[in-house]
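Everything below belongs to model16.cif, which stores mmCIF, C-alpha atoms.
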data_work
loop_
_atom_site.label_atom_id
_atom_site.label_comp_id
_atom_site.auth_asym_id
_atom_site.auth_seq_id
_atom_site.Cartn_x
_atom_site.Cartn_y
_atom_site.Cartn_z
CA MET Q 1 0.00 0.00 0.00
CA ASP Q 2 1.21 3.54 -0.77
CA THR Q 3 1.09 5.29 2.61
CA GLN Q 4 1.66 8.63 0.89
CA LEU Q 5 -1.69 8.38 -0.89
CA LYS Q 6 -3.71 11.50 -0.08
CA ILE Q 7 -7.46 11.14 0.45
CA VAL Q 8 -10.10 13.76 1.18
CA ILE Q 9 -13.51 12.70 2.49
CA ILE Q 10 -16.39 15.06 1.74
CA GLU Q 11 -19.22 14.12 4.09
CA ASP Q 12 -21.54 16.43 6.07
CA HIS Q 13 -22.49 13.78 8.66
CA ASP Q 14 -19.91 14.59 11.32
CA ALA Q 15 -19.77 11.23 13.08
CA LEU Q 16 -19.51 9.27 9.83
CA ARG Q 17 -16.81 11.57 8.48
CA VAL Q 18 -14.75 11.31 11.66
CA MET Q 19 -15.10 7.52 11.66
CA MET Q 20 -13.95 7.17 8.03
CA VAL Q 21 -11.03 9.56 8.52
CA ALA Q 22 -9.90 7.70 11.64
CA HIS Q 23 -10.18 4.27 10.04
CA LEU Q 24 -8.34 5.12 6.83
CA SER Q 25 -5.70 7.05 8.75
CA SER Q 26 -5.10 3.93 10.86
CA LYS Q 27 -4.31 2.07 7.62
CA GLY Q 28 -1.54 4.51 6.78
CA TYR Q 29 -3.30 6.82 4.34
CA LEU Q 30 -3.01 10.62 4.58
CA VAL Q 31 -6.66 11.55 5.14
CA GLU Q 32 -8.51 14.82 5.63
CA GLY Q 33 -12.23 15.35 6.13
CA VAL Q 34 -14.39 18.29 4.99
CA ASP Q 35 -18.13 18.88 5.13
CA SER Q 36 -18.94 20.76 1.91
CA GLY Q 37 -17.86 21.73 -1.57
CA ALA Q 38 -16.70 25.12 -0.32
CA ALA Q 39 -14.51 23.49 2.31
CA LEU Q 40 -13.07 21.19 -0.36
CA ASP Q 41 -12.24 24.18 -2.59
CA SER Q 42 -10.40 25.79 0.31
CA HIS Q 43 -8.44 22.57 0.89
CA LEU Q 44 -7.48 22.34 -2.78
CA THR Q 45 -5.71 25.69 -2.63
CA THR Q 46 -2.99 24.13 -0.47
CA SER Q 47 -3.03 20.40 -1.26
CA LYS Q 48 -4.08 18.18 -4.16
CA PRO Q 49 -5.39 14.76 -3.09
CA ASP Q 50 -5.14 11.56 -5.09
CA ILE Q 51 -8.66 10.40 -4.22
CA LEU Q 52 -11.91 12.07 -3.17
CA VAL Q 53 -14.48 10.06 -1.23
CA LEU Q 54 -17.56 12.10 -2.06
CA ASP Q 55 -21.02 11.94 -0.53
CA LEU Q 56 -23.71 13.03 -2.98
CA THR Q 57 -26.20 14.54 -0.53
CA LEU Q 58 -24.43 17.67 0.66
CA PRO Q 59 -25.62 21.15 1.66
CA ILE Q 60 -25.65 24.03 -0.84
CA GLU Q 61 -23.80 22.16 -3.62
CA ASP Q 62 -24.49 18.47 -4.16
CA GLY Q 63 -21.91 15.82 -4.89
CA LEU Q 64 -22.71 15.50 -8.59
CA SER Q 65 -22.01 19.19 -9.15
CA ILE Q 66 -18.79 18.96 -7.16
CA ALA Q 67 -17.68 15.89 -9.15
CA LYS Q 68 -18.25 17.65 -12.47
CA ARG Q 69 -16.16 20.62 -11.36
CA ILE Q 70 -13.34 18.47 -10.03
CA ARG Q 71 -13.25 16.25 -13.10
CA THR Q 72 -12.86 19.35 -15.31
CA ALA Q 73 -10.35 21.23 -13.13
CA TYR Q 74 -8.36 18.28 -11.75
CA PRO Q 75 -8.69 15.29 -14.11
CA GLN Q 76 -5.90 13.45 -12.27
CA ILE Q 77 -7.96 13.22 -9.04
CA HIS Q 78 -9.96 9.99 -8.68
CA ILE Q 79 -13.49 10.10 -7.27
CA ILE Q 80 -15.33 7.49 -5.20
CA MET Q 81 -18.99 8.41 -4.82
CA LEU Q 82 -21.04 7.36 -1.79
CA THR Q 83 -24.81 7.53 -1.98
CA ALA Q 84 -28.08 5.89 -0.99
CA ARG Q 85 -29.31 6.24 -4.58
CA ILE Q 86 -29.45 2.75 -6.08
CA ALA Q 87 -31.31 3.15 -9.40
CA GLU Q 88 -29.38 2.39 -12.58
CA SER Q 89 -30.09 5.91 -13.85
CA ASP Q 90 -28.46 7.32 -10.70
CA ARG Q 91 -25.35 5.19 -11.23
CA VAL Q 92 -25.13 6.27 -14.86
CA GLU Q 93 -25.45 9.92 -13.82
CA GLY Q 94 -22.77 9.40 -11.20
CA TYR Q 95 -20.29 7.90 -13.66
CA GLU Q 96 -21.07 10.56 -16.25
CA SER Q 97 -20.45 13.24 -13.63
CA GLY Q 98 -16.95 11.91 -13.07
CA ALA Q 99 -17.08 8.98 -10.65
CA ASP Q 100 -14.42 6.29 -10.95
CA ILE Q 101 -16.31 4.09 -8.49
CA TYR Q 102 -19.92 4.41 -7.31
CA LEU Q 103 -20.77 2.81 -3.97
CA THR Q 104 -24.23 2.63 -2.43
CA LYS Q 105 -24.77 3.19 1.27
CA PRO Q 106 -24.44 1.64 3.74
CA VAL Q 107 -20.82 1.07 2.73
CA SER Q 108 -18.54 -1.10 4.83
CA VAL Q 109 -15.03 0.12 5.54
CA ALA Q 110 -13.75 -3.08 3.89
CA GLU Q 111 -15.52 -2.22 0.64
CA LEU Q 112 -14.26 1.36 0.78
CA GLU Q 113 -10.70 0.13 1.33
CA ALA Q 114 -11.02 -2.29 -1.59
CA SER Q 115 -12.16 0.57 -3.83
CA ILE Q 116 -9.19 2.68 -2.78
CA ARG Q 117 -6.81 -0.21 -3.49
CA SER Q 118 -8.41 -0.67 -6.90
CA ILE Q 119 -7.82 2.97 -7.77
CA THR Q 120 -4.27 2.75 -6.43
CA ARG Q 121 -3.55 -0.11 -8.83
CA ARG Q 122 -4.88 1.94 -11.72
CA GLN Q 123 -2.88 4.97 -10.66
CA MET Q 124 0.31 2.94 -10.50
CA GLY Q 125 -0.42 1.62 -13.97
CA THR Q 126 -0.12 -2.02 -12.92
CA ARG Q 127 -0.24 -4.18 -16.00
CA THR Q 128 0.59 -7.83 -15.93
CA HIS Q 129 0.68 -8.27 -19.70
CA THR Q 130 1.77 -5.39 -21.90
CA ASN Q 131 0.08 -6.97 -24.91
CA GLU Q 132 -3.39 -6.74 -23.38
CA LEU Q 133 -5.92 -4.19 -24.57
CA TRP Q 134 -6.78 -1.59 -21.91
CA LEU Q 135 -9.74 0.78 -21.83
CA ASP Q 136 -8.89 3.93 -19.89
CA VAL Q 137 -12.33 5.29 -19.02
CA ILE Q 138 -10.96 8.54 -17.60
CA SER Q 139 -8.60 9.49 -20.44
CA MET Q 140 -11.06 7.96 -22.94
CA ARG Q 141 -8.64 5.89 -24.96
CA LEU Q 142 -7.60 2.34 -25.83
CA GLU Q 143 -4.05 1.25 -24.97
CA LYS Q 144 -2.16 -1.78 -26.19
CA GLY Q 145 1.53 -1.64 -25.41
CA SER Q 146 2.74 1.69 -26.76
CA ARG Q 147 -0.20 2.00 -29.15
CA ILE Q 148 -2.86 4.52 -28.07
CA THR Q 149 -6.23 5.04 -29.79
CA GLU Q 150 -8.24 8.07 -28.72
CA LEU Q 151 -11.98 7.64 -28.14
CA THR Q 152 -14.96 9.95 -27.79
CA ARG Q 153 -16.99 9.94 -24.56
CA GLN Q 154 -19.77 8.03 -26.34
CA GLU Q 155 -17.35 5.40 -27.68
CA THR Q 156 -15.90 4.95 -24.20
CA GLN Q 157 -19.40 4.46 -22.76
CA LEU Q 158 -20.28 1.94 -25.47
CA LEU Q 159 -17.15 -0.13 -24.90
CA ARG Q 160 -17.55 -0.09 -21.14
CA ALA Q 161 -21.20 -1.14 -21.37
CA LEU Q 162 -20.44 -4.01 -23.75
CA ASN Q 163 -17.39 -5.19 -21.79
CA GLU Q 164 -19.41 -5.37 -18.56
CA ALA Q 165 -22.50 -7.00 -20.11
CA PRO Q 166 -23.24 -10.74 -19.86
CA MET Q 167 -21.50 -12.49 -22.76
CA GLN Q 168 -20.37 -8.98 -23.74
CA PHE Q 169 -23.61 -8.62 -25.69
CA LEU Q 170 -26.33 -5.95 -25.55
CA PRO Q 171 -29.33 -5.28 -27.79
CA ALA Q 172 -29.53 -1.86 -29.42
CA TRP Q 173 -32.22 -0.56 -27.07
CA ALA Q 174 -30.11 -1.43 -24.02
CA LEU Q 175 -27.08 0.37 -25.42
CA LEU Q 176 -29.18 3.44 -26.12
CA GLU Q 177 -30.45 3.38 -22.55
CA LYS Q 178 -26.86 3.20 -21.31
CA LEU Q 179 -26.22 6.37 -23.31
CA GLY Q 180 -29.32 8.02 -21.85
CA LYS Q 181 -31.05 8.23 -25.23
CA ASP Q 182 -34.55 7.34 -26.43
CA THR Q 183 -34.91 4.11 -28.38
CA ASP Q 184 -36.43 5.70 -31.48
CA ASN Q 185 -35.42 5.04 -35.08
CA LYS Q 186 -33.28 8.17 -35.36
CA ASN Q 187 -31.16 7.24 -32.34
CA ARG Q 188 -30.88 3.63 -33.55
CA SER Q 189 -29.55 4.93 -36.85
CA ASN Q 190 -27.08 7.20 -35.05
CA LEU Q 191 -25.99 4.23 -32.95
CA ASP Q 192 -25.23 2.22 -36.08
CA VAL Q 193 -22.98 5.04 -37.29
CA ALA Q 194 -21.23 5.24 -33.92
CA ILE Q 195 -20.67 1.47 -33.88
CA THR Q 196 -19.18 1.58 -37.39
CA ARG Q 197 -16.67 4.22 -36.29
CA LEU Q 198 -15.90 2.28 -33.13
CA ARG Q 199 -15.22 -0.91 -35.10
CA LYS Q 200 -12.61 0.99 -37.15
CA LYS Q 201 -10.92 2.23 -33.99
CA LEU Q 202 -10.88 -1.28 -32.52
CA LEU Q 203 -9.28 -2.54 -35.72
CA SER Q 204 -6.66 0.20 -35.45
CA ALA Q 205 -6.03 -0.58 -31.78
CA THR Q 206 -5.82 -4.37 -32.12
CA GLY Q 207 -5.03 -5.12 -35.74
CA GLN Q 208 -7.82 -7.71 -35.57
CA GLU Q 209 -11.02 -7.97 -37.60
CA GLY Q 210 -14.32 -8.89 -36.00
CA THR Q 211 -13.69 -7.53 -32.51
CA LEU Q 212 -17.15 -5.92 -32.47
CA LYS Q 213 -19.89 -7.94 -34.13
CA VAL Q 214 -23.21 -6.56 -35.28
CA ALA Q 215 -26.25 -8.84 -35.30
CA ARG Q 216 -28.83 -7.15 -37.52
CA ASN Q 217 -32.05 -6.39 -35.64
CA ALA Q 218 -30.57 -7.98 -32.53
CA GLY Q 219 -27.64 -6.12 -31.03
CA TYR Q 220 -23.90 -5.83 -30.66
CA GLN Q 221 -21.24 -8.11 -29.20
CA LEU Q 222 -17.68 -7.42 -28.17
CA THR Q 223 -15.53 -10.46 -28.93
CA ILE Q 224 -12.39 -9.45 -27.01
CA ARG Q 225 -12.05 -8.83 -23.30
CA LEU Q 226 -10.90 -5.36 -22.31
CA ARG Q 227 -9.03 -4.60 -19.11
CA MET Q 228 -10.34 -1.36 -17.63
CA LYS Q 229 -8.78 1.34 -15.51
#
Kindly present the structure from the file in structure tokens form.
Amino acid sequence: MDTQLKIVIIEDHDALRVMMVAHLSSKGYLVEGVDSGAALDSHLTTSKPDILVLDLTLPIEDGLSIAKRIRTAYPQIHIIMLTARIAESDRVEGYESGADIYLTKPVSVAELEASIRSITRRQMGTRTHTNELWLDVISMRLEKGSRITELTRQETQLLRALNEAPMQFLPAWALLEKLGKDTDNKNRSNLDVAITRLRKKLLSATGQEGTLKVARNAGYQLTIRLRMK
């Protein structure tokens, strides 16, 4: 574990914040706790953390708004969101606002620690096989060895959704829902165009044909496994 890892917890429930700060500090992390977005902004003037543990239900400015600002101003900072919101639409909104990991309350300290370790591995760039294909969801690109293929936000969302789906397959309507779009004919047509462009980028990244299959009137299937960070 990197004991120099800096973590800031943004939580307005005093007892919970103190408990999380104390626990993570006992594990060797450098941890600070604040109770609002304004307090976080003040902290950022003197120190830049590696990870934010961000509650969504905060006074004055909510966690989603804070995450969007941080992701724009400090793209190198990782964000773990904590919330009682469990709907899929809430998770999608959380990830689109900048979350690296989205945890639903109540969250055990063991799960929080595991999430921090996961981010630490990504930050250190741990890769067991340099020939594997990586999807960097923050930088929005594919990486294979020294080869880098830039992606759009939509292409990144599509690849992540397919990679995490059962059998790496999703029907068109499900992919559109993942993108937050209506399942009408116009959006289905736009999806076909986006998939065509994405197939070309996968070919460029891998040098392999058929990595993204299209089943007419059925859906789309990713035929290679991506490692994500």
field: Radius query 10 Å about (-15.3, 6.7, -17.8), atoms used: all atoms listed in the file, as a PyMOL selection string
entry: chain Q and resi 95-101+135-141+153-154+156-157+160+228-229
Expansion of the PyMOL selection byres ((chain Q and resi 74-85) around 6) into residues, as a PyMOL selection string: chain Q and resi 50-56+70-73+86+99-105
field: Expansion of the PyMOL selection byres ((chain Q and resi 172) around 12) into residues, as an MDAnalysis selection string
entry: chainID Q and resid 158 161:162 169:171 173:179 181:185 187:192 194:195 214:221
Non-local contacts of Glu143 (chain Q) (8 Å; only C-alpha atoms; under 5 positions in same chain excluded) as a PyMOL selection string: chain Q and resi 133-136+148-149+205
- prompt: Hey, which of Q:Lys68, Q:Arg225, Q:Arg91, Q:Arg199 ends up closest to Lys213 (chain Q)? Count all atoms listed in the file.
  reply: Q:Arg199
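Interatomic distance, CA of Pro59 (chain Q) to CA of Ser36 (chain Q): 6.7 Å.
Computed from the coordinates, the CA of Val21 (chain Q) to CA of Ile7 (chain Q) distance equals 9.0 Å.
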Distance criterion (only C-alpha atoms): nearest to Leu222 (chain Q) out of Q:Asn163, Q:Thr120, Q:Ser26, Q:Thr45: Q:Asn163
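Pairwise distance (CA of Thr46 (chain Q), CA of Ala110 (chain Q)) equals 29.6 Å.
In this comparison, which uses all atoms listed in the file, the residue of Q:Leu24, Q:Ser204, Q:Asp12, Q:Thr211 approaching Ala114 (chain Q) most closely is Q:Leu24.
With only C-alpha atoms as the atoms that count, the minimum distance from Arg117 (chain Q) to the choices Q:Tyr29, Q:Leu226, Q:Gly145, Q:Ala38 is reached by Q:Tyr29.
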- request: Do a neighbour search on Val18 (chain Q) at 12 Å with all atoms listed in the file, toss out local chain neighbours closer than 3 positions, and write the hits as a PyMOL selection string.
  value: chain Q and resi 8-15+21-25+31-35
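Distances from Q:Val193, Q:Ala39, Q:Leu44, Q:Leu16 to Glu61 (chain Q) were compared using all atoms listed in the file, and the smallest one belongs to Q:Ala39.
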